[in-house]
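Worksheet for the structure shown next.
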Amino acid sequence: MKTADIVVVGGGVIGCFAAYELAKAGASVVVVERGRVGAEATGASAGMLTPLNAAEEGEPTPLFDFYWASLQMFPPIVAELEETTGIRLEFAVSGALRLSQSEEEEQLRREQFEAWRQNLPAKISWLDAQEAHALEPALGPAVRGGVLSHEEATINPTRLVHALARAATRWGAQVMEDCMVTGVRHIHQRLTAVTTTAGDIATPHVVIAAGAWSRFCGEWLGVSLPITPVRGQMFSVRHLACPLTRAVFSYNGGLFPKMDGTVQVGATVEMVGFDKSVTPEGIASLMGLIPALVPCLQQGHIEQMWAGLRPWCEDGAPIIGALPEWQGVTVAAGHFRQGLLASPATAKAVKSIIVDGRSDPMVETFSPARFAHG
Ligand SMILES: Cc1cc2nc3c(=O)[nH]c(=O)nc-3n(C[C@H](O)[C@H](O)[C@H](O)COP(=O)(O)OP(=O)(O)OC[C@H]3O[C@@H](n4cnc5c(N)ncnc54)[C@H](O)[C@@H]3O)c2cc1C
C-alpha cells in the first residue's frame, strides 16, 4: 500500500500551497486531485489580491487582518517559486481603483475612504474625477471620483497553482491527478488511511482542501463543513492595446487588465448548486459594466467566457484548523472570493498545525470547532 505522512485532498491553490509548505518542511506529501490541478475555482479566478474588498464596513476584522497578512507574503514567495520552477507568475503590485458613477456612490466611496484611512494599514489616496481620468484615460466620461489603493496586487492563478505543484514535487511531494478520495479509514477517530479510486493510501494525516466539495469530506468524518458552491461567471475582452493599467471596480463588478493584453470582466455571484454553465443572463449582466466604465472595450472582441464554483462557508469565513475530536484531520476550505489571496497564509497555518504542532493565532477564529456543536 502507498504511504505518506500527509495526504492532501484537492489540487486547487489551497491544496497545492499547503502541499508545498508541508513538503518543504520535510513531510512526505501526496496530493490527490479528482480532475486536473487548478481546473476548478482556482483556474476560474481573476487572480486579484485585493484585501480591501473584505473591509466594506471600514473596520479591520479578523478576516481583513488575515488577508492583509497574506498579501504581504506574496513578494518573497513569488520570487522563490519563480526561481525554483522557472514559471513566471505575472505578479504585479499594480493597485486598484474603486470608482463611483453617481453622486450617491461618490459620497459612499468618500465615507469608505475616510474609514479606511483612519482604521486600516493600507496606503490609499482619494482621486477626484479629473485625477481618475488622468490616471486611467480610457475611463468613461461619467466616471466620478474614487479610492486608489497602492499595494493591492494581481497574479496569474493558473501559473501560480502549477508552480506550486511543480515546486512541491521538487521537495518530494507526489501529485496524483484523475484520482478521487472516496473516504477515510480510522481507529477510534485516529486517521490511518484515505481510500481513493486508485486504492488506499496509509497516512496519519489528511488535509481537506476540496474547495466547494469539502462538505462531502465532512460527511466521511461525521462532521458539518457547511460549504456550498457559489458560481462566478467571467469573460475576457481583447482590444487593440490594453486600455487599463490597473484593476477598476464599480459597485457591480470589476475590470482586470492582464499581462496577455486582455481585460477580464467579472464576476457574477450565483447560488445555483454545482452548475458551472455560462449563461446569457450572467454574461449580459457583466457586459453592462463596460459602456460606462471603459467604453472603448465595446469595440474589442470577446476571447473567452468561463465559470467556476467558489467555496462559500455559511458564516462567510474560511474553515482552517484541526478537526476537534479527530486525530490527524486538518481542514483548509471555504475561502469564497479570496482563496488566491488567502492561500499563502492558509498554507503557513496548515504547516504550523501539522508540522510544528501549534495553532496559528491568526486563524483561531476560523477553526472548524465553531461548527462542532451546531
Ligand atoms: C469567477 C471567479 C473569480 C474569482 N476571483 C478571485 C480573485 O480575484 N482573487 C481571489 O483571491 N479569489 C478569487 N476567486 C476565488 C478563488 O478562486 C477560490 O477561493 C479558490 O480558488 C479556492 O481554492 P480551493 O483550492 O479551495 O478550491 P478549488 O480550486 O476548487 O480546488 C479544490 C479541488 O479539490 C478537488 N476535489 C474535490 N473533491 C475531491 C475529492 N474527493 N478527491 C480529490 N479531489 C477533490 C476539485 O477537483 C478541485 O480541483 C474567484 C473565484 C471565481 C469562481
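Chain labels A, B, ... are given in the sequence in which chains occur in the C-alpha cells; within each chain residues are numbered consecutively from 1, and ligands are likewise numbered from 1 in the order shown.
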
Neighbours of ligand 1 within 7 Å, counting only C-alpha atoms and all ligand atoms, as a JSON list (two decimals) with N, CA and C atoms, in the first residue's frame?
[["chain", "number", "residue", "atom", "x", "y", "z"],
["A", 9, "VAL", "N", -6.34, 16.41, 0.15],
["A", 9, "VAL", "CA", -7.49, 16.16, -0.76],
["A", 9, "VAL", "C", -7.76, 17.45, -1.51],
["A", 10, "GLY", "N", -7.47, 17.46, -2.82],
["A", 10, "GLY", "CA", -7.76, 18.63, -3.65],
["A", 10, "GLY", "C", -6.50, 19.32, -4.14],
["A", 11, "GLY", "N", -6.44, 19.48, -5.45],
["A", 11, "GLY", "CA", -5.27, 20.12, -6.08],
["A", 11, "GLY", "C", -5.60, 21.50, -6.61],
["A", 12, "GLY", "N", -6.36, 22.29, -5.82],
["A", 12, "GLY", "CA", -6.54, 23.71, -6.13],
["A", 12, "GLY", "C", -5.41, 24.49, -5.47],
["A", 13, "VAL", "N", -5.57, 25.82, -5.45],
["A", 13, "VAL", "CA", -4.48, 26.64, -4.91],
["A", 13, "VAL", "C", -4.28, 26.36, -3.42],
["A", 14, "ILE", "N", -5.35, 26.06, -2.70],
["A", 14, "ILE", "CA", -5.20, 25.84, -1.25],
["A", 14, "ILE", "C", -4.46, 24.52, -1.01],
["A", 15, "GLY", "N", -4.88, 23.45, -1.69],
["A", 15, "GLY", "CA", -4.21, 22.15, -1.50],
["A", 15, "GLY", "C", -2.76, 22.19, -1.97],
["A", 32, "VAL", "N", -4.02, 14.47, -3.80],
["A", 32, "VAL", "CA", -4.93, 13.68, -4.64],
["A", 32, "VAL", "C", -5.95, 14.63, -5.25],
["A", 33, "GLU", "N", -5.97, 14.70, -6.58],
["A", 33, "GLU", "CA", -6.87, 15.62, -7.30],
["A", 33, "GLU", "C", -7.77, 14.80, -8.22],
["A", 34, "ARG", "N", -9.07, 14.99, -8.02],
["A", 34, "ARG", "CA", -10.10, 14.27, -8.77],
["A", 34, "ARG", "C", -10.01, 14.50, -10.28],
["A", 35, "GLY", "N", -9.66, 15.72, -10.67],
["A", 35, "GLY", "CA", -9.52, 16.07, -12.10],
["A", 35, "GLY", "C", -8.10, 16.48, -12.40],
["A", 36, "ARG", "N", -7.93, 17.74, -12.85],
["A", 36, "ARG", "CA", -6.60, 18.26, -13.13],
["A", 36, "ARG", "C", -6.28, 19.37, -12.12],
["A", 37, "VAL", "N", -5.01, 19.52, -11.81],
["A", 37, "VAL", "CA", -4.57, 20.55, -10.87],
["A", 37, "VAL", "C", -5.07, 21.93, -11.33],
["A", 38, "GLY", "N", -5.71, 22.65, -10.43],
["A", 38, "GLY", "CA", -6.11, 24.05, -10.71],
["A", 38, "GLY", "C", -7.28, 24.21, -11.65],
["A", 39, "ALA", "N", -7.96, 23.12, -11.99],
["A", 39, "ALA", "CA", -9.00, 23.22, -13.03],
["A", 39, "ALA", "C", -10.37, 23.67, -12.51],
["A", 40, "GLU", "N", -10.51, 23.83, -11.20],
["A", 40, "GLU", "CA", -11.83, 24.25, -10.68],
["A", 40, "GLU", "C", -11.80, 25.74, -10.31],
["A", 41, "ALA", "N", -12.22, 26.11, -9.11],
["A", 41, "ALA", "CA", -12.32, 27.54, -8.77],
["A", 41, "ALA", "C", -11.01, 28.28, -9.03],
["A", 42, "THR", "N", -9.90, 27.64, -8.73],
["A", 42, "THR", "CA", -8.61, 28.31, -8.87],
["A", 42, "THR", "C", -8.38, 28.78, -10.31],
["A", 43, "GLY", "N", -8.62, 27.91, -11.27],
["A", 43, "GLY", "CA", -8.38, 28.26, -12.66],
["A", 43, "GLY", "C", -9.39, 29.29, -13.18],
["A", 44, "ALA", "N", -10.54, 29.40, -12.51],
["A", 44, "ALA", "CA", -11.58, 30.35, -12.95],
["A", 44, "ALA", "C", -11.35, 31.73, -12.35],
["A", 45, "SER", "N", -10.44, 31.82, -11.40],
["A", 45, "SER", "CA", -10.29, 33.05, -10.62],
["A", 45, "SER", "C", -9.71, 34.19, -11.45],
["A", 46, "ALA", "N", -10.00, 35.42, -10.99],
["A", 46, "ALA", "CA", -9.45, 36.61, -11.65],
["A", 46, "ALA", "C", -8.02, 36.89, -11.18],
["A", 47, "GLY", "N", -7.61, 36.24, -10.10],
["A", 47, "GLY", "CA", -6.24, 36.42, -9.61],
["A", 47, "GLY", "C", -5.99, 37.77, -8.95],
["A", 48, "MET", "N", -7.05, 38.40, -8.47],
["A", 48, "MET", "CA", -6.87, 39.68, -7.79],
["A", 48, "MET", "C", -6.51, 39.44, -6.32],
["A", 49, "LEU", "N", -5.53, 40.18, -5.84],
["A", 49, "LEU", "CA", -5.11, 40.08, -4.44],
["A", 49, "LEU", "C", -5.52, 41.40, -3.78],
["A", 179, "CYS", "N", -7.75, 11.18, -9.85],
["A", 179, "CYS", "CA", -7.91, 10.22, -8.76],
["A", 179, "CYS", "C", -8.74, 10.90, -7.68],
["A", 180, "MET", "N", -9.75, 10.20, -7.22],
["A", 180, "MET", "CA", -10.68, 10.83, -6.26],
["A", 180, "MET", "C", -10.55, 10.19, -4.89],
["A", 181, "VAL", "N", -10.51, 11.00, -3.85],
["A", 181, "VAL", "CA", -10.56, 10.45, -2.49],
["A", 181, "VAL", "C", -12.03, 10.13, -2.20],
["A", 182, "THR", "N", -12.27, 8.90, -1.72],
["A", 182, "THR", "CA", -13.66, 8.46, -1.52],
["A", 182, "THR", "C", -14.02, 8.30, -0.04],
["A", 209, "ALA", "N", -8.86, 19.97, 1.48],
["A", 209, "ALA", "CA", -8.76, 21.22, 0.70],
["A", 209, "ALA", "C", -9.53, 21.01, -0.60],
["A", 210, "ALA", "N", -10.77, 20.57, -0.45],
["A", 210, "ALA", "CA", -11.56, 20.14, -1.60],
["A", 210, "ALA", "C", -12.51, 21.23, -2.10],
["A", 211, "GLY", "N", -12.21, 22.49, -1.75],
["A", 211, "GLY", "CA", -12.97, 23.62, -2.28],
["A", 211, "GLY", "C", -14.47, 23.47, -2.03],
["A", 212, "ALA", "N", -15.27, 23.72, -3.08],
["A", 212, "ALA", "CA", -16.72, 23.69, -2.95],
["A", 212, "ALA", "C", -17.26, 22.30, -2.61],
["A", 213, "TRP", "N", -16.41, 21.27, -2.73],
["A", 213, "TRP", "CA", -16.84, 19.89, -2.46],
["A", 213, "TRP", "C", -16.48, 19.43, -1.04],
["A", 214, "SER", "N", -15.96, 20.33, -0.22],
["A", 214, "SER", "CA", -15.45, 19.93, 1.11],
["A", 214, "SER", "C", -16.55, 19.41, 2.03],
["A", 217, "CYS", "N", -16.51, 15.75, 2.20],
["A", 217, "CYS", "CA", -15.44, 15.18, 3.05],
["A", 217, "CYS", "C", -15.90, 15.19, 4.51],
["A", 231, "ARG", "N", -21.52, 30.14, -7.84],
["A", 231, "ARG", "CA", -20.96, 30.29, -9.20],
["A", 231, "ARG", "C", -20.51, 31.71, -9.49],
["A", 232, "GLY", "N", -19.37, 31.81, -10.17],
["A", 232, "GLY", "CA", -18.89, 33.09, -10.68],
["A", 232, "GLY", "C", -18.63, 32.95, -12.16],
["A", 233, "GLN", "N", -19.28, 33.80, -12.97],
["A", 233, "GLN", "CA", -19.02, 33.80, -14.42],
["A", 233, "GLN", "C", -18.12, 35.00, -14.74],
["A", 234, "MET", "N", -17.30, 34.84, -15.76],
["A", 234, "MET", "CA", -16.41, 35.92, -16.21],
["A", 234, "MET", "C", -16.23, 35.82, -17.71],
["A", 266, "GLY", "N", -15.60, 40.66, -14.51],
["A", 266, "GLY", "CA", -16.28, 39.72, -13.63],
["A", 266, "GLY", "C", -16.74, 40.37, -12.35],
["A", 267, "ALA", "N", -17.29, 39.61, -11.58],
["A", 267, "ALA", "CA", -17.78, 38.26, -11.76],
["A", 267, "ALA", "C", -19.18, 38.19, -11.16],
["A", 307, "ALA", "N", -16.80, 29.90, -16.14],
["A", 307, "ALA", "CA", -17.43, 29.98, -14.82],
["A", 307, "ALA", "C", -16.73, 29.01, -13.87],
["A", 308, "GLY", "N", -16.77, 29.35, -12.61],
["A", 308, "GLY", "CA", -16.18, 28.46, -11.59],
["A", 308, "GLY", "C", -17.02, 28.50, -10.34],
["A", 309, "LEU", "N", -16.77, 27.55, -9.44],
["A", 309, "LEU", "CA", -17.56, 27.42, -8.22],
["A", 309, "LEU", "C", -16.74, 27.81, -7.00],
["A", 310, "ARG", "N", -17.08, 28.96, -6.45],
["A", 310, "ARG", "CA", -16.36, 29.41, -5.24],
["A", 310, "ARG", "C", -16.85, 28.60, -4.04],
["A", 311, "PRO", "N", -15.94, 28.25, -3.15],
["A", 311, "PRO", "CA", -16.39, 27.55, -1.93],
["A", 311, "PRO", "C", -16.81, 28.56, -0.87],
["A", 333, "ALA", "N", -10.49, 25.13, 3.86],
["A", 333, "ALA", "CA", -11.50, 25.23, 2.79],
["A", 333, "ALA", "C", -12.46, 26.39, 3.06],
["A", 334, "GLY", "N", -13.26, 26.73, 2.05],
["A", 334, "GLY", "CA", -14.31, 27.74, 2.22],
["A", 334, "GLY", "C", -13.81, 29.16, 2.05],
["A", 335, "HIS", "N", -12.85, 29.37, 1.16],
["A", 335, "HIS", "CA", -12.24, 30.71, 1.02],
["A", 335, "HIS", "C", -13.03, 31.64, 0.10],
["A", 336, "PHE", "N", -14.12, 31.18, -0.42],
["A", 336, "PHE", "CA", -15.08, 32.00, -1.17],
["A", 336, "PHE", "C", -14.39, 32.86, -2.24],
["A", 337, "ARG", "N", -14.43, 34.19, -2.11],
["A", 337, "ARG", "CA", -13.97, 35.08, -3.18],
["A", 337, "ARG", "C", -12.50, 35.45, -3.05],
["A", 338, "GLN", "N", -11.81, 34.94, -2.00],
["A", 338, "GLN", "CA", -10.46, 35.43, -1.72],
["A", 338, "GLN", "C", -9.46, 34.30, -1.54],
["A", 339, "GLY", "N", -9.71, 33.15, -2.18],
["A", 339, "GLY", "CA", -8.85, 31.99, -1.95],
["A", 339, "GLY", "C", -7.44, 32.14, -2.49],
["A", 340, "LEU", "N", -7.29, 32.85, -3.61],
["A", 340, "LEU", "CA", -5.94, 33.08, -4.12],
["A", 340, "LEU", "C", -5.19, 33.95, -3.13],
["A", 341, "LEU", "N", -5.84, 35.04, -2.75],
["A", 341, "LEU", "CA", -5.23, 35.98, -1.80],
["A", 341, "LEU", "C", -4.83, 35.27, -0.51],
["A", 342, "ALA", "N", -5.72, 34.43, 0.01],
["A", 342, "ALA", "CA", -5.50, 33.82, 1.34],
["A", 342, "ALA", "C", -4.61, 32.59, 1.29]]

When you look at Phe113 (chain A) with a cut-off of 8 Å (counting only C-alpha atoms), what residues show up, excluding the ones that are within fewer than 5 positions of it in the same chain? I need them as a PDB file with C-alpha atoms, in the first residue's frame.
ATOM      1  CA  ILE A 124      -4.752  54.729  -0.219  1.00  0.00           C
ATOM      2  CA  SER A 125      -5.488  58.046  -1.966  1.00  0.00           C
ATOM      3  CA  TRP A 126      -8.683  59.850  -2.918  1.00  0.00           C
ATOM      4  CA  VAL A 147     -10.309  55.326  -3.966  1.00  0.00           C
TER       5      VAL A 147
END

Checklist entry - Within 6 Å of region 240-247 of chain A, counting only C-alpha atoms, which residues qualify if same-chain residues fewer than 2 places away don't, as a list of chain:residue names? => result A:Ser94, A:Ala96, A:Ala138, A:Leu255, A:Phe256, A:Pro257, A:Gly261

Item to check | Contact residues around Gly288 (chain A) with only C-alpha atoms at 12 Å, ignoring same-chain residues under 5 positions, as JSON, numbers by chain | outcome: {"A": [250, 252, 253, 254, 255, 265, 266, 267, 268, 281, 282, 283, 293, 294, 295, 297, 298]}

Using only N, CA and C atoms, please write the residues we just selected to a file, as an mmCIF file, in the first residue's frame.
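Listed below is the output, out06.cif:
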data_model
loop_
_atom_site.group_PDB
_atom_site.id
_atom_site.type_symbol
_atom_site.label_atom_id
_atom_site.label_comp_id
_atom_site.auth_asym_id
_atom_site.auth_seq_id
_atom_site.Cartn_x
_atom_site.Cartn_y
_atom_site.Cartn_z
ATOM 1 N N SER A 250 -16.379 48.839 -9.936
ATOM 2 C CA SER A 250 -17.565 49.653 -9.655
ATOM 3 C C SER A 250 -18.297 48.901 -8.546
ATOM 4 N N ASN A 252 -20.739 47.139 -9.009
ATOM 5 C CA ASN A 252 -21.354 45.936 -9.595
ATOM 6 C C ASN A 252 -20.370 44.915 -10.141
ATOM 7 N N GLY A 253 -19.083 45.200 -10.058
ATOM 8 C CA GLY A 253 -18.108 44.238 -10.584
ATOM 9 C C GLY A 253 -16.802 44.938 -10.914
ATOM 10 N N GLY A 254 -15.938 44.234 -11.640
ATOM 11 C CA GLY A 254 -14.627 44.827 -11.902
ATOM 12 C C GLY A 254 -14.079 44.466 -13.270
ATOM 13 N N LEU A 255 -13.119 45.287 -13.723
ATOM 14 C CA LEU A 255 -12.392 45.036 -14.975
ATOM 15 C C LEU A 255 -10.915 44.901 -14.602
ATOM 16 N N VAL A 265 -13.460 40.566 -17.201
ATOM 17 C CA VAL A 265 -14.626 41.261 -16.655
ATOM 18 C C VAL A 265 -15.370 40.275 -15.748
ATOM 19 N N GLY A 266 -15.601 40.658 -14.512
ATOM 20 C CA GLY A 266 -16.279 39.717 -13.631
ATOM 21 C C GLY A 266 -16.738 40.371 -12.352
ATOM 22 N N ALA A 267 -17.289 39.612 -11.580
ATOM 23 C CA ALA A 267 -17.784 38.256 -11.758
ATOM 24 C C ALA A 267 -19.181 38.187 -11.158
ATOM 25 N N THR A 268 -20.015 37.271 -11.674
ATOM 26 C CA THR A 268 -21.341 37.084 -11.090
ATOM 27 C C THR A 268 -21.217 36.341 -9.758
ATOM 28 N N GLU A 281 -27.736 35.338 -19.392
ATOM 29 C CA GLU A 281 -28.107 36.315 -18.366
ATOM 30 C C GLU A 281 -26.874 36.799 -17.580
ATOM 31 N N GLY A 282 -26.027 35.842 -17.207
ATOM 32 C CA GLY A 282 -24.831 36.182 -16.430
ATOM 33 C C GLY A 282 -23.883 37.061 -17.234
ATOM 34 N N ILE A 283 -23.632 36.664 -18.486
ATOM 35 C CA ILE A 283 -22.684 37.422 -19.313
ATOM 36 C C ILE A 283 -23.259 38.805 -19.642
ATOM 37 N N LEU A 293 -17.844 52.161 -17.746
ATOM 38 C CA LEU A 293 -16.514 52.144 -17.119
ATOM 39 C C LEU A 293 -15.393 52.357 -18.139
ATOM 40 N N VAL A 294 -15.357 51.506 -19.187
ATOM 41 C CA VAL A 294 -14.283 51.611 -20.194
ATOM 42 C C VAL A 294 -14.923 51.424 -21.576
ATOM 43 N N PRO A 295 -15.564 52.493 -22.098
ATOM 44 C CA PRO A 295 -16.393 52.342 -23.307
ATOM 45 C C PRO A 295 -15.638 51.803 -24.520
ATOM 46 N N LEU A 297 -13.803 49.440 -24.841
ATOM 47 C CA LEU A 297 -13.767 47.965 -24.890
ATOM 48 C C LEU A 297 -14.958 47.389 -25.665
ATOM 49 N N GLN A 298 -15.976 48.220 -25.896
ATOM 50 C CA GLN A 298 -17.121 47.736 -26.688
ATOM 51 C C GLN A 298 -16.695 47.377 -28.110
#

Next on the checklist: Just list as a PyMOL selection string whatever in region 134-350 of chain A DSSP marks as alpha helix (DSSP H).
Outcome noted: chain A and resi 134-135+157-170+214-221+280-287+290-293+339-350

Run DSSP on the backbone of this structure and report the residues of region 124-167 of chain A it assigns to strand (DSSP E), as a short mmCIF file (atom, residue, chain, number, x, y, z; two decimals) with C-alpha atoms, in the first residue's frame.
data_model
loop_
_atom_site.label_atom_id
_atom_site.label_comp_id
_atom_site.auth_asym_id
_atom_site.auth_seq_id
_atom_site.Cartn_x
_atom_site.Cartn_y
_atom_site.Cartn_z
CA ILE A 124 -4.75 54.73 -0.22
CA SER A 125 -5.49 58.05 -1.97
CA TRP A 126 -8.68 59.85 -2.92
CA LEU A 127 -8.92 60.76 -6.61
CA GLY A 146 -12.89 57.02 -6.14
CA VAL A 147 -10.31 55.33 -3.97
CA LEU A 148 -6.91 54.34 -5.32
CA SER A 149 -5.15 51.62 -3.35
CA ALA A 153 -1.81 43.19 -6.50
CA THR A 154 -2.57 40.63 -9.17
#

Checklist entry - Which residue, A:Gln264, A:Thr192, A:Asn156, A:Gln304, has the smallest gap to Leu289 (chain A) when you use only C-alpha atoms? => result A:Gln264

Next on the checklist: Quick one: residues within 6 Å of Val331 (chain A), only C-alpha atoms, excluding same-chain residues fewer than 2 positions away - as a list in words?
Outcome noted: Val207, Ile208, Ile320 and Gly321 of chain A

Checklist entry - Do you know which residues are at most 12 Å from region 185-188 of chain A counting only C-alpha atoms, after dropping those on the same chain fewer than 3 positions away, and could you put them as a PyMOL selection string? => result chain A and resi 181-182+191-196+200-206+220-221+325-329

Item to check | Counting only C-alpha atoms, the residue of A:Asn119, A:Ser367, A:Ser343, A:Ser277 that sits nearest Ala55 (chain A) | outcome: A:Asn119

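Taking CA of Ser352 (chain A) and CA of Arg190 (chain A) as the two end points, the separation is 19.6 Å.
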